[in-house]
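Asker: So I've got this file, run_21.cif, and it contains mmCIF, C-alpha atoms and all ligand atoms:
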data_model
#
loop_
_atom_site.label_atom_id
_atom_site.label_comp_id
_atom_site.auth_asym_id
_atom_site.auth_seq_id
_atom_site.Cartn_x
_atom_site.Cartn_y
_atom_site.Cartn_z
CA MET P 1 0.00 0.00 0.00
CA PHE P 2 1.45 3.35 -1.04
CA VAL P 3 0.70 6.98 -0.31
CA ARG P 4 -0.55 8.26 -3.66
CA ASN P 5 -1.07 11.95 -3.06
CA ALA P 6 2.60 12.80 -2.99
CA TRP P 7 5.43 13.77 -5.31
CA TYR P 8 7.86 10.99 -6.18
CA VAL P 9 11.01 11.17 -8.28
CA ALA P 10 10.08 9.53 -11.59
CA ALA P 11 13.40 10.07 -13.37
CA TRP P 12 16.43 12.25 -13.72
CA THR P 13 15.75 14.87 -16.38
CA ASP P 14 18.66 13.56 -18.44
CA GLU P 15 16.98 10.15 -18.65
CA ILE P 16 14.14 11.58 -20.74
CA GLY P 17 15.45 12.13 -24.25
CA GLU P 18 13.96 11.74 -27.71
CA ARG P 19 12.46 8.32 -27.15
CA PRO P 20 9.59 7.34 -24.85
CA PHE P 21 10.83 6.01 -21.52
CA ALA P 22 8.94 3.46 -19.39
CA ARG P 23 9.04 3.05 -15.65
CA ARG P 24 6.71 1.22 -13.23
CA ILE P 25 5.86 3.49 -10.30
CA LEU P 26 3.64 2.46 -7.35
CA ASP P 27 2.96 -0.64 -9.46
CA GLU P 28 1.53 1.39 -12.34
CA ALA P 29 3.06 1.29 -15.82
CA ILE P 30 4.04 4.83 -16.81
CA VAL P 31 5.56 6.18 -19.99
CA LEU P 32 7.43 9.47 -19.93
CA PHE P 33 8.28 11.53 -22.96
CA ARG P 34 9.37 15.01 -23.92
CA ASP P 35 7.01 16.72 -26.37
CA ALA P 36 8.07 18.89 -29.31
CA SER P 37 8.41 21.92 -27.03
CA GLY P 38 10.68 19.98 -24.66
CA THR P 39 8.06 19.63 -21.91
CA VAL P 40 8.02 16.31 -20.09
CA ALA P 41 4.71 14.43 -19.87
CA ALA P 42 3.76 11.18 -18.15
CA LEU P 43 1.00 8.88 -19.40
CA GLU P 44 -0.36 5.50 -18.49
CA ASP P 45 1.77 3.11 -20.56
CA ARG P 46 -1.24 1.50 -22.21
CA CYS P 47 -2.84 2.55 -25.46
CA CYS P 48 -6.62 2.85 -25.21
CA HIS P 49 -7.04 1.21 -28.63
CA ARG P 50 -5.69 -2.29 -28.01
CA GLY P 51 -3.77 -2.00 -24.75
CA THR P 52 -0.27 -1.92 -26.27
CA PRO P 53 2.43 -0.24 -24.16
CA LEU P 54 3.00 3.22 -25.59
CA VAL P 55 6.71 2.91 -24.94
CA PHE P 56 6.87 0.95 -28.21
CA GLY P 57 5.87 4.13 -30.04
CA ARG P 58 7.72 7.30 -30.93
CA VAL P 59 7.56 10.98 -30.17
CA VAL P 60 6.09 13.05 -33.02
CA THR P 61 5.17 16.72 -33.33
CA GLN P 62 1.66 16.30 -31.91
CA GLY P 63 2.67 14.01 -29.03
CA LEU P 64 3.32 10.32 -28.51
CA GLU P 65 2.44 7.98 -31.38
CA CYS P 66 1.46 4.42 -30.50
CA GLY P 67 3.76 1.89 -32.12
CA TYR P 68 0.94 -0.49 -33.07
CA HIS P 69 -1.64 1.40 -35.20
CA GLY P 70 -0.42 4.98 -34.95
CA LEU P 71 -2.90 6.76 -32.66
CA ILE P 72 -1.31 9.93 -31.29
CA PHE P 73 -1.77 11.17 -27.72
CA ASP P 74 -0.86 14.62 -26.44
CA GLY P 75 0.81 15.27 -23.11
CA ALA P 76 -2.57 15.47 -21.38
CA GLY P 77 -3.41 11.95 -22.60
CA LYS P 78 -5.98 13.03 -25.19
CA CYS P 79 -5.98 11.18 -28.50
CA VAL P 80 -5.42 13.89 -31.11
CA LEU P 81 -5.12 11.78 -34.24
CA VAL P 82 -6.37 8.52 -35.70
CA PRO P 83 -4.40 7.66 -38.87
CA GLY P 84 -6.17 8.23 -42.19
CA GLY P 85 -7.98 11.30 -40.94
CA HIS P 86 -10.66 9.20 -39.26
CA LEU P 87 -12.78 10.52 -36.46
CA VAL P 88 -11.22 10.42 -33.00
CA PRO P 89 -13.76 8.41 -30.98
CA PRO P 90 -15.16 10.09 -27.89
CA GLY P 91 -13.34 8.96 -24.76
CA ALA P 92 -10.18 8.18 -26.70
CA ARG P 93 -7.68 9.10 -24.03
CA VAL P 94 -5.22 7.60 -21.59
CA ARG P 95 -4.56 8.67 -18.04
CA SER P 96 -1.99 11.43 -17.62
CA TYR P 97 -0.05 12.24 -14.47
CA PRO P 98 1.07 15.67 -13.25
CA VAL P 99 4.84 16.02 -13.64
CA VAL P 100 7.29 18.79 -13.00
CA GLU P 101 10.97 19.21 -13.79
CA LYS P 102 12.97 20.79 -11.02
CA ASN P 103 16.60 20.64 -9.85
CA GLN P 104 17.45 17.90 -12.41
CA PHE P 105 14.53 15.69 -11.34
CA VAL P 106 11.27 14.78 -13.00
CA TRP P 107 8.77 14.59 -10.13
CA ILE P 108 5.47 12.79 -10.61
CA TRP P 109 2.20 13.05 -8.66
CA MET P 110 0.58 9.64 -8.44
CA GLY P 111 -2.69 10.60 -6.75
CA ASP P 112 -5.68 12.73 -7.61
CA PRO P 113 -4.42 15.26 -10.21
CA LYS P 114 -6.68 17.95 -8.74
CA ARG P 115 -4.73 17.71 -5.50
CA ALA P 116 -1.29 18.08 -7.12
CA ASP P 117 0.25 21.04 -5.32
CA TYR P 118 3.37 22.20 -7.14
CA SER P 119 4.48 24.25 -4.16
CA LEU P 120 5.11 21.00 -2.28
CA VAL P 121 7.86 19.81 -4.64
CA LEU P 122 11.08 19.65 -2.68
CA ASP P 123 13.70 22.35 -3.23
CA TYR P 124 17.15 20.98 -3.86
CA PRO P 125 19.09 23.94 -5.26
CA TYR P 126 22.52 22.29 -4.93
CA HIS P 127 21.94 20.43 -8.20
CA ASP P 128 21.79 23.77 -10.00
CA ASP P 129 24.86 25.24 -8.35
CA PRO P 130 27.83 23.48 -9.94
CA ARG P 131 30.25 26.23 -8.88
CA HIS P 132 29.78 25.49 -5.17
CA TRP P 133 28.29 21.98 -5.32
CA PRO P 134 29.42 20.05 -8.39
CA HIS P 135 27.51 16.80 -8.40
CA LYS P 136 27.04 13.48 -10.11
CA HIS P 137 23.92 11.32 -9.99
CA THR P 138 22.52 7.93 -10.91
CA VAL P 139 19.63 5.56 -10.20
CA TYR P 140 19.75 2.03 -8.78
CA ARG P 141 16.99 -0.51 -9.16
CA MET P 142 16.65 -2.19 -5.78
CA HIS P 143 14.91 -5.50 -5.16
CA CYS P 144 13.47 -4.44 -1.84
CA ASP P 145 10.59 -2.50 -0.27
CA TYR P 146 11.36 1.23 -0.55
CA MET P 147 10.88 1.58 3.21
CA LEU P 148 13.90 -0.67 3.81
CA VAL P 149 16.02 1.93 2.01
CA ILE P 150 14.56 4.69 4.19
CA ASP P 151 15.19 2.58 7.32
CA ASN P 152 18.79 2.18 6.20
CA LEU P 153 19.29 5.93 5.79
CA MET P 154 17.59 6.78 9.07
CA ASP P 155 19.82 4.44 11.10
CA LEU P 156 23.45 5.24 10.41
CA SER P 157 24.75 2.92 13.11
CA HIS P 158 25.23 0.44 10.23
CA LEU P 159 28.09 2.49 8.78
CA GLY P 160 30.82 0.92 10.85
CA TYR P 161 29.67 -2.60 9.96
CA VAL P 162 28.58 -2.32 6.32
CA HIS P 163 30.93 0.44 5.15
CA GLY P 164 34.06 0.01 7.24
CA GLY P 165 36.31 0.36 4.18
CA THR P 166 34.72 3.51 2.76
CA VAL P 167 32.66 6.09 4.64
CA GLY P 168 32.33 3.99 7.78
CA GLY P 169 35.42 3.55 9.84
CA ALA P 170 35.43 1.92 13.26
CA PRO P 171 32.02 0.56 14.42
CA ALA P 172 32.46 1.94 17.95
CA THR P 173 32.71 5.49 16.56
CA HIS P 174 29.20 5.15 15.16
CA VAL P 175 27.64 3.36 18.06
CA GLU P 176 28.96 6.06 20.40
CA ALA P 177 28.01 9.00 18.17
CA LYS P 178 26.08 11.84 19.80
CA MET P 179 22.57 11.98 18.35
CA HIS P 180 19.95 14.67 18.36
CA THR P 181 16.58 13.94 16.72
CA THR P 182 13.90 16.54 16.03
CA ARG P 183 10.51 16.57 14.37
CA THR P 184 10.27 18.98 11.46
CA ALA P 185 7.13 20.52 9.95
CA THR P 186 6.59 17.42 7.83
CA GLY P 187 9.22 14.83 8.71
CA VAL P 188 12.16 13.99 10.94
CA LYS P 189 15.71 15.30 11.23
CA PHE P 190 18.65 13.98 13.16
CA ASP P 191 22.17 15.24 13.68
CA ARG P 192 25.01 12.92 14.53
CA TRP P 193 28.37 14.04 15.80
CA MET P 194 31.49 11.95 16.11
CA LEU P 195 33.86 14.26 17.89
CA ASP P 196 37.58 13.61 18.08
CA SER P 197 37.28 10.46 15.94
CA VAL P 198 39.54 8.64 13.50
CA PRO P 199 38.80 9.67 9.88
CA PRO P 200 37.38 6.85 7.71
CA PRO P 201 39.21 5.87 4.50
CA THR P 202 36.99 7.93 2.15
CA TYR P 203 37.62 11.11 4.13
CA VAL P 204 41.37 10.57 4.18
CA ALA P 205 41.38 9.93 0.41
CA ALA P 206 39.24 12.99 -0.34
CA ALA P 207 40.52 15.57 2.11
CA GLY P 208 43.90 14.25 3.25
CA PHE P 209 43.14 14.37 6.98
CA GLU P 210 46.19 13.33 8.94
CA GLY P 211 44.92 13.61 12.51
CA ARG P 212 41.60 13.07 14.27
CA ILE P 213 38.43 14.81 13.15
CA ASP P 214 35.14 16.27 14.39
CA ARG P 215 32.66 14.67 12.07
CA TRP P 216 28.98 15.38 11.43
CA GLN P 217 26.05 13.83 9.58
CA GLU P 218 22.89 15.91 9.30
CA THR P 219 20.06 13.81 7.93
CA GLU P 220 16.51 14.90 7.15
CA PHE P 221 13.58 12.81 6.01
CA PHE P 222 11.01 14.58 3.84
CA PRO P 223 7.84 12.60 3.28
CA ILE P 224 7.10 10.71 1.34
CA SER P 225 10.38 9.16 0.40
CA THR P 226 13.24 11.63 0.25
CA VAL P 227 16.23 11.82 2.56
CA VAL P 228 18.85 14.56 2.27
CA GLN P 229 22.15 14.67 4.07
CA TRP P 230 24.93 17.10 4.73
CA ILE P 231 28.00 15.25 5.88
CA GLY P 232 31.48 16.42 6.66
CA ALA P 233 34.39 16.88 9.01
CA VAL P 234 36.90 19.40 10.30
CA SER P 235 40.15 18.78 12.12
CA ALA P 236 39.37 17.84 15.71
CA GLY P 237 39.57 20.60 18.29
CA THR P 238 39.05 23.51 15.87
CA GLY P 239 35.56 24.05 17.30
CA SER P 240 33.15 22.67 19.86
CA LEU P 241 29.58 21.43 20.02
CA ARG P 242 27.26 23.49 22.22
CA ASN P 243 23.49 22.92 22.34
CA TRP P 244 23.78 20.96 19.10
CA LYS P 245 25.43 23.89 17.32
CA TYR P 246 29.01 23.52 16.23
CA GLU P 247 30.96 26.59 17.21
CA GLY P 248 33.72 26.54 14.65
CA ASP P 249 34.27 27.08 10.94
CA ARG P 250 32.77 24.11 9.15
CA SER P 251 33.57 25.64 5.77
CA ALA P 252 37.25 25.13 6.59
CA GLY P 253 36.84 21.36 6.37
CA PHE P 254 35.50 18.82 3.97
CA SER P 255 31.82 18.25 3.29
CA PHE P 256 29.43 16.78 0.78
CA ARG P 257 25.70 16.51 0.23
CA LEU P 258 23.75 13.38 -0.56
CA PHE P 259 20.30 13.26 -2.05
CA HIS P 260 18.28 10.05 -1.79
CA GLY P 261 14.90 9.80 -3.55
CA ILE P 262 13.34 6.37 -3.24
CA THR P 263 10.39 5.58 -5.49
CA PRO P 264 8.46 2.34 -5.13
CA GLU P 265 8.32 0.22 -8.27
CA THR P 266 6.36 -2.62 -6.66
CA ALA P 267 5.81 -3.67 -3.04
CA THR P 268 9.22 -5.35 -3.08
CA SER P 269 11.25 -3.26 -5.51
CA CYS P 270 12.11 0.41 -5.90
CA TYR P 271 14.18 2.96 -7.72
CA TYR P 272 16.88 4.61 -5.70
CA PHE P 273 17.77 8.01 -7.19
CA TRP P 274 20.86 9.37 -5.55
CA SER P 275 23.38 12.11 -6.07
CA VAL P 276 26.51 13.26 -4.35
CA ALA P 277 27.71 16.88 -4.46
CA ASN P 278 31.11 17.88 -3.14
CA GLY P 279 31.69 21.08 -1.21
CA TYR P 280 35.49 20.92 -1.48
CA ARG P 281 37.97 21.05 -4.38
CA GLN P 282 35.04 22.19 -6.53
CA ASN P 283 37.27 23.09 -9.47
CA GLU P 284 38.59 19.57 -9.80
CA ALA P 285 36.28 17.28 -11.74
CA SER P 286 38.32 14.35 -10.44
CA ALA P 287 37.26 15.18 -6.85
CA THR P 288 33.58 14.83 -7.80
CA GLU P 289 34.33 11.66 -9.71
CA GLN P 290 36.30 10.15 -6.86
CA LEU P 291 33.59 10.96 -4.32
CA PHE P 292 30.92 9.53 -6.63
CA ASN P 293 32.88 6.29 -7.05
CA GLU P 294 33.41 5.93 -3.29
CA THR P 295 29.72 6.63 -2.68
CA ALA P 296 28.65 4.13 -5.33
CA ARG P 297 30.86 1.52 -3.67
CA THR P 298 29.16 2.36 -0.38
CA PHE P 299 25.63 2.13 -1.78
CA ASP P 300 26.44 -1.13 -3.57
CA GLN P 301 27.13 -2.51 -0.08
CA ASP P 302 23.75 -1.22 1.16
CA LYS P 303 22.03 -2.73 -1.89
CA ALA P 304 23.47 -6.17 -1.17
CA ILE P 305 22.36 -6.04 2.48
CA LEU P 306 18.87 -4.67 1.80
CA GLU P 307 18.07 -7.11 -0.98
CA ALA P 308 19.20 -10.04 1.17
CA GLN P 309 17.17 -8.63 4.08
CA GLN P 310 14.10 -8.43 1.82
CA ILE P 311 14.44 -12.07 0.77
CA ARG P 312 14.65 -13.22 4.39
CA MET P 313 11.71 -11.04 5.41
CA LEU P 314 9.58 -12.52 2.64
CA GLU P 315 10.53 -16.01 3.77
CA THR P 316 9.59 -15.25 7.36
CA PRO P 317 6.81 -12.64 7.29
CA ASP P 318 5.75 -13.46 10.86
CA GLY P 319 9.27 -13.75 12.26
CA PRO P 320 10.13 -11.56 15.25
CA LEU P 321 11.78 -8.15 14.80
CA ILE P 322 13.01 -6.10 17.73
CA ASP P 323 13.88 -2.42 18.13
CA ILE P 324 17.15 -1.20 19.62
CA HIS P 325 18.59 2.14 20.70
CA GLY P 326 19.56 3.38 17.22
CA ASP P 327 16.11 2.80 15.75
CA GLY P 328 14.56 6.06 17.01
CA PRO P 329 14.70 8.19 13.81
CA ARG P 330 13.84 5.18 11.66
CA ILE P 331 10.72 4.48 13.73
CA GLN P 332 9.69 8.12 13.60
CA ALA P 333 10.00 8.21 9.81
CA ARG P 334 7.84 5.11 9.58
CA ARG P 335 5.23 6.70 11.83
CA VAL P 336 5.04 9.69 9.49
CA VAL P 337 4.47 7.42 6.49
CA ASP P 338 1.91 5.30 8.36
CA ARG P 339 0.02 8.40 9.43
CA LEU P 340 -0.09 9.78 5.87
CA LEU P 341 -1.30 6.42 4.61
CA ALA P 342 -4.02 6.30 7.27
CA GLU P 343 -5.11 9.85 6.42
CA GLU P 344 -5.25 9.06 2.73
CA ASN P 345 -7.26 5.88 3.30
CA ALA P 346 -9.64 7.73 5.60
CA ASN P 347 -10.14 10.40 2.94
CA ALA P 348 -10.67 7.80 0.22
CA ALA P 349 -13.37 6.21 2.36
CA GLY P 350 -14.99 9.61 2.88
CA GLN P 351 -14.27 9.45 6.59
CA PRO P 352 -13.00 12.32 8.71
CA ILE P 353 -9.30 12.21 9.48
CA ILE P 354 -8.87 10.93 12.98
CA VAL P 355 -5.10 10.54 13.06
CA SER P 356 -3.38 13.52 14.63
CA ARG P 357 -0.83 15.64 12.78
CA SER P 358 1.78 14.75 15.33
CA ALA P 359 4.09 12.02 14.13
CA GLY P 360 4.43 10.66 17.63
S1 LIG W 1 -2.92 -0.39 -29.87
FE1 LIG W 1 -2.32 1.64 -29.97
S2 LIG W 1 -2.99 2.34 -31.89
FE2 LIG W 1 -3.69 0.28 -31.76
FE FE W 2 24.70 2.51 4.14
#
Taking this structure as input, can you express it in the form of structure tokens?
Answerer:
Amino acid sequence: MFVRNAWYVAAWTDEIGERPFARRILDEAIVLFRDASGTVAALEDRCCHRGTPLVFGRVVTQGLECGYHGLIFDGAGKCVLVPGGHLVPPGARVRSYPVVEKNQFVWIWMGDPKRADYSLVLDYPYHDDPRHWPHKHTVYRMHCDYMLVIDNLMDLSHLGYVHGGTVGGAPATHVEAKMHTTRTATGVKFDRWMLDSVPPPTYVAAAGFEGRIDRWQETEFFPISTVVQWIGAVSAGTGSLRNWKYEGDRSAGFSFRLFHGITPETATSCYYFWSVANGYRQNEASATEQLFNETARTFDQDKAILEAQQIRMLETPDGPLIDIHGDGPRIQARRVVDRLLAEENANAAGQPIIVSRSAG
């Protein structure tokens, strides 16, 4: 069961070129294409003539032409041409989905189009600021429930175990990290500090730290399925943490930003759109490339764990699962999603919303 009235990342803008592009989102077959004016549109990937996937067609001046008998649909899903100049039958249309291109993403609204509120699309300006935040991005197809990816991002105590050779470092550093979790207007945020710690291999390779570091990870979950992070380090002792504010010059160190947009494909598979932007050595393309490669190596490790976890969970759906100390932010993120799902179901049933706005 998915929250439908929400914006999900459907694609990176550079994935949508001259040919129609298919993707299954919330278990619905979608075809994306760029019309003659360059505007991206998303339609149900099923022709209303004989049910053929429209992805087999081609983009023409008037819209998307079905690859079977040549009906043409515009970006709103309306059939605008039947070959041979024949009459377009009434009701000849396919479902269209609201989409918007912003900050290198194509976002899609999967619910009631009348409720699509463009002001709710997340701002991620770093993608459009290559001078300060050069970035590189990709998408992984994951064979797991999208919520397992969110769990993984909201519980960073796994870093020392899964990513010891890259961004992790010693497990004890992570287990002993100072944590501060707060509710935000819509989601959950947590800050982690590992003061006076040994730099992990990726940080040494990227920034050349020789001594110990004060290291931070600021992580924020934006419903429905986006997590953004600002991560970095400065040489230990150049500042201090007071009331969860670091009194010191963080711009003097090394930092990077991670974007994670997780879009369900099915109940047990998802698309993981991620990017990494470096806030150091911005003039060196090799720095961005190196950070991307290290991050990809890191996320490949997550992918292996999460897909194996999904298999075991499917084998033992009633098996016990316990919560431990580090699960706090993860549990809060799940509560937000559960509450939104409950609200949406209540609305669909015409019932008043009885779940409170508080995520707690
Ligand atoms: S199935 Fe699309 S035009 Fe016939
Ligand atoms: Fe990880």
Asker: Please check which protein, DNA or RNA residues sit within 12 Å of ligand FE 2 (chain W), counting all atoms listed in the file, and write them as a PyMOL selection string.
Answerer: chain P and resi 148-168+258+260+294-306
Asker: What does the file look like for those residues with C-alpha atoms, as a PDB file, in the frame of the given file?
Answerer:
ATOM      1  CA  LEU P 148      13.900  -0.670   3.810  1.00  0.00           C
ATOM      2  CA  VAL P 149      16.020   1.930   2.010  1.00  0.00           C
ATOM      3  CA  ILE P 150      14.560   4.690   4.190  1.00  0.00           C
ATOM      4  CA  ASP P 151      15.190   2.580   7.320  1.00  0.00           C
ATOM      5  CA  ASN P 152      18.790   2.180   6.200  1.00  0.00           C
ATOM      6  CA  LEU P 153      19.290   5.930   5.790  1.00  0.00           C
ATOM      7  CA  MET P 154      17.590   6.780   9.070  1.00  0.00           C
ATOM      8  CA  ASP P 155      19.820   4.440  11.100  1.00  0.00           C
ATOM      9  CA  LEU P 156      23.450   5.240  10.410  1.00  0.00           C
ATOM     10  CA  SER P 157      24.750   2.920  13.110  1.00  0.00           C
ATOM     11  CA  HIS P 158      25.230   0.440  10.230  1.00  0.00           C
ATOM     12  CA  LEU P 159      28.090   2.490   8.780  1.00  0.00           C
ATOM     13  CA  GLY P 160      30.820   0.920  10.850  1.00  0.00           C
ATOM     14  CA  TYR P 161      29.670  -2.600   9.960  1.00  0.00           C
ATOM     15  CA  VAL P 162      28.580  -2.320   6.320  1.00  0.00           C
ATOM     16  CA  HIS P 163      30.930   0.440   5.150  1.00  0.00           C
ATOM     17  CA  GLY P 164      34.060   0.010   7.240  1.00  0.00           C
ATOM     18  CA  GLY P 165      36.310   0.360   4.180  1.00  0.00           C
ATOM     19  CA  THR P 166      34.720   3.510   2.760  1.00  0.00           C
ATOM     20  CA  VAL P 167      32.660   6.090   4.640  1.00  0.00           C
ATOM     21  CA  GLY P 168      32.330   3.990   7.780  1.00  0.00           C
ATOM     22  CA  LEU P 258      23.750  13.380  -0.560  1.00  0.00           C
ATOM     23  CA  HIS P 260      18.280  10.050  -1.790  1.00  0.00           C
ATOM     24  CA  GLU P 294      33.410   5.930  -3.290  1.00  0.00           C
ATOM     25  CA  THR P 295      29.720   6.630  -2.680  1.00  0.00           C
ATOM     26  CA  ALA P 296      28.650   4.130  -5.330  1.00  0.00           C
ATOM     27  CA  ARG P 297      30.860   1.520  -3.670  1.00  0.00           C
ATOM     28  CA  THR P 298      29.160   2.360  -0.380  1.00  0.00           C
ATOM     29  CA  PHE P 299      25.630   2.130  -1.780  1.00  0.00           C
ATOM     30  CA  ASP P 300      26.440  -1.130  -3.570  1.00  0.00           C
ATOM     31  CA  GLN P 301      27.130  -2.510  -0.080  1.00  0.00           C
ATOM     32  CA  ASP P 302      23.750  -1.220   1.160  1.00  0.00           C
ATOM     33  CA  LYS P 303      22.030  -2.730  -1.890  1.00  0.00           C
ATOM     34  CA  ALA P 304      23.470  -6.170  -1.170  1.00  0.00           C
ATOM     35  CA  ILE P 305      22.360  -6.040   2.480  1.00  0.00           C
ATOM     36  CA  LEU P 306      18.870  -4.670   1.800  1.00  0.00           C
TER      37      LEU P 306
END
Asker: Atom CA of Tyr146 of chain P and atom CA of Leu321 of chain P, how far apart in Å?
Answerer: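 Spanning atom CA of Leu321 of chain P to atom CA of Tyr146 of chain P is a straight-line distance of 18.0 Å.
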Asker: Please check which protein, DNA or RNA residues sit within 10 Å of ligand LIG 1 (chain W), counting only C-alpha atoms and all ligand atoms, and write them as number ranges by chain.
Answerer: P: 46-54, 56-57, 65-73, 79, 81-83
Asker: Keeping only C-alpha atoms, write the selected residues as a PDB file, keeping the file's coordinate frame.
Answerer:
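Final file, part.pdb:
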ATOM      1  CA  ARG P  46      -1.240   1.500 -22.210  1.00  0.00           C
ATOM      2  CA  CYS P  47      -2.840   2.550 -25.460  1.00  0.00           C
ATOM      3  CA  CYS P  48      -6.620   2.850 -25.210  1.00  0.00           C
ATOM      4  CA  HIS P  49      -7.040   1.210 -28.630  1.00  0.00           C
ATOM      5  CA  ARG P  50      -5.690  -2.290 -28.010  1.00  0.00           C
ATOM      6  CA  GLY P  51      -3.770  -2.000 -24.750  1.00  0.00           C
ATOM      7  CA  THR P  52      -0.270  -1.920 -26.270  1.00  0.00           C
ATOM      8  CA  PRO P  53       2.430  -0.240 -24.160  1.00  0.00           C
ATOM      9  CA  LEU P  54       3.000   3.220 -25.590  1.00  0.00           C
ATOM     10  CA  PHE P  56       6.870   0.950 -28.210  1.00  0.00           C
ATOM     11  CA  GLY P  57       5.870   4.130 -30.040  1.00  0.00           C
ATOM     12  CA  GLU P  65       2.440   7.980 -31.380  1.00  0.00           C
ATOM     13  CA  CYS P  66       1.460   4.420 -30.500  1.00  0.00           C
ATOM     14  CA  GLY P  67       3.760   1.890 -32.120  1.00  0.00           C
ATOM     15  CA  TYR P  68       0.940  -0.490 -33.070  1.00  0.00           C
ATOM     16  CA  HIS P  69      -1.640   1.400 -35.200  1.00  0.00           C
ATOM     17  CA  GLY P  70      -0.420   4.980 -34.950  1.00  0.00           C
ATOM     18  CA  LEU P  71      -2.900   6.760 -32.660  1.00  0.00           C
ATOM     19  CA  ILE P  72      -1.310   9.930 -31.290  1.00  0.00           C
ATOM     20  CA  PHE P  73      -1.770  11.170 -27.720  1.00  0.00           C
ATOM     21  CA  CYS P  79      -5.980  11.180 -28.500  1.00  0.00           C
ATOM     22  CA  LEU P  81      -5.120  11.780 -34.240  1.00  0.00           C
ATOM     23  CA  VAL P  82      -6.370   8.520 -35.700  1.00  0.00           C
ATOM     24  CA  PRO P  83      -4.400   7.660 -38.870  1.00  0.00           C
TER      25      PRO P  83
END
Asker: Can you work out the spacing between atom CA of Pro134 of chain P and atom CA of Asp35 of chain P in Å, to one decimal?
Answerer: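 We find that atom CA of Pro134 of chain P and atom CA of Asp35 of chain P lie 28.9 Å from each other.
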Asker: Identify the residues around (7.2, 12.8, 6.1) within a radius of 10 Å, measuring from all atoms listed in the file in the coordinates stated by the file, and give them as a list in words.
Answerer: Arg183, Thr184, Ala185, Thr186, Gly187, Val188, Glu220, Phe221, Phe222, Pro223, Ile224, Ser225, Thr226, Val227, Gln332, Ala333, Arg334, Arg335, Val336, Val337, Asp338, Arg339, Leu340 and Ala359 of chain P
Asker: (2.5, 12.4, -2.0) in this file's frame - what residues fall within 12 Å of it? Use all atoms listed in the file and give the answer as an NGL selection string.
Answerer: :P and (2-9 or 26 or 98 or 107-113 or 115-118 or 120-122 or 186 or 222-226 or 263 or 337 or 340-341 or 343-344)
Asker: Write the residues you've just listed into a file as a CSV table (one decimal), in the coordinates of the input, and include C-alpha atoms for each of them.
Answerer:
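The resulting result-v9.csv:
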chain,number,residue,atom,x,y,z
P,2,PHE,CA,1.4,3.4,-1.0
P,3,VAL,CA,0.7,7.0,-0.3
P,4,ARG,CA,-0.6,8.3,-3.7
P,5,ASN,CA,-1.1,12.0,-3.1
P,6,ALA,CA,2.6,12.8,-3.0
P,7,TRP,CA,5.4,13.8,-5.3
P,8,TYR,CA,7.9,11.0,-6.2
P,9,VAL,CA,11.0,11.2,-8.3
P,26,LEU,CA,3.6,2.5,-7.4
P,98,PRO,CA,1.1,15.7,-13.2
P,107,TRP,CA,8.8,14.6,-10.1
P,108,ILE,CA,5.5,12.8,-10.6
P,109,TRP,CA,2.2,13.0,-8.7
P,110,MET,CA,0.6,9.6,-8.4
P,111,GLY,CA,-2.7,10.6,-6.8
P,112,ASP,CA,-5.7,12.7,-7.6
P,113,PRO,CA,-4.4,15.3,-10.2
P,115,ARG,CA,-4.7,17.7,-5.5
P,116,ALA,CA,-1.3,18.1,-7.1
P,117,ASP,CA,0.2,21.0,-5.3
P,118,TYR,CA,3.4,22.2,-7.1
P,120,LEU,CA,5.1,21.0,-2.3
P,121,VAL,CA,7.9,19.8,-4.6
P,122,LEU,CA,11.1,19.6,-2.7
P,186,THR,CA,6.6,17.4,7.8
P,222,PHE,CA,11.0,14.6,3.8
P,223,PRO,CA,7.8,12.6,3.3
P,224,ILE,CA,7.1,10.7,1.3
P,225,SER,CA,10.4,9.2,0.4
P,226,THR,CA,13.2,11.6,0.2
P,263,THR,CA,10.4,5.6,-5.5
P,337,VAL,CA,4.5,7.4,6.5
P,340,LEU,CA,-0.1,9.8,5.9
P,341,LEU,CA,-1.3,6.4,4.6
P,343,GLU,CA,-5.1,9.8,6.4
P,344,GLU,CA,-5.2,9.1,2.7
Asker: Measuring between all atoms listed in the file, which one of P:His135, P:Arg215, P:Arg93, P:Arg141 shows the shortest distance to Val198 of chain P?
Answerer: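 Checking each of P:His135, P:Arg215, P:Arg93, P:Arg141 against Val198 of chain P, counting all atoms listed in the file, the winner is P:Arg215.
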Asker: Which of these residues is nearest to Pro329 of chain P, using all atoms listed in the file: P:His137, P:Lys245, P:Lys189, P:His174?
Answerer: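 When distances to Pro329 of chain P are compared using all atoms listed in the file, the smallest one comes from P:Lys189.
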Asker: Distance atom CA of Glu101 of chain P-atom CA of Phe259 of chain P, one decimal place?
Answerer: 16.1 Å
Asker: Which residue gives the smallest distance to Asp45 of chain P among P:Ile213, P:Ala308, P:Val31, P:Ala342, with only C-alpha atoms counted?
Answerer: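 Of P:Ile213, P:Ala308, P:Val31, P:Ala342, the one nearest Asp45 of chain P is P:Val31, counting only C-alpha atoms.
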Asker: Hey, which of P:Val59, P:Ala267, P:Met194, P:Ile262 ends up closest to Glu218 of chain P? Count only C-alpha atoms.
Answerer: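 Among P:Val59, P:Ala267, P:Met194, P:Ile262, it is P:Met194 that comes nearest to Glu218 of chain P.
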Asker: Give me the segment 157-271 of chain P side of the contact with segment 278-289 of chain P, cut-off 6 Å, one line per residue showing its nearest atom pair and distance in Å at one decimal, counting all atoms listed in the file, sorted by chain and residue number, as a Markdown table.
Answerer:
| residue | atom | partner | partner_atom | distance |
| --- | --- | --- | --- | --- |
| P:Phe254 | CA | P:Tyr280 | CA | 5.8 |
| P:Ser255 | CA | P:Gly279 | CA | 5.3 |
| P:Phe256 | CA | P:Asn278 | CA | 4.4 |
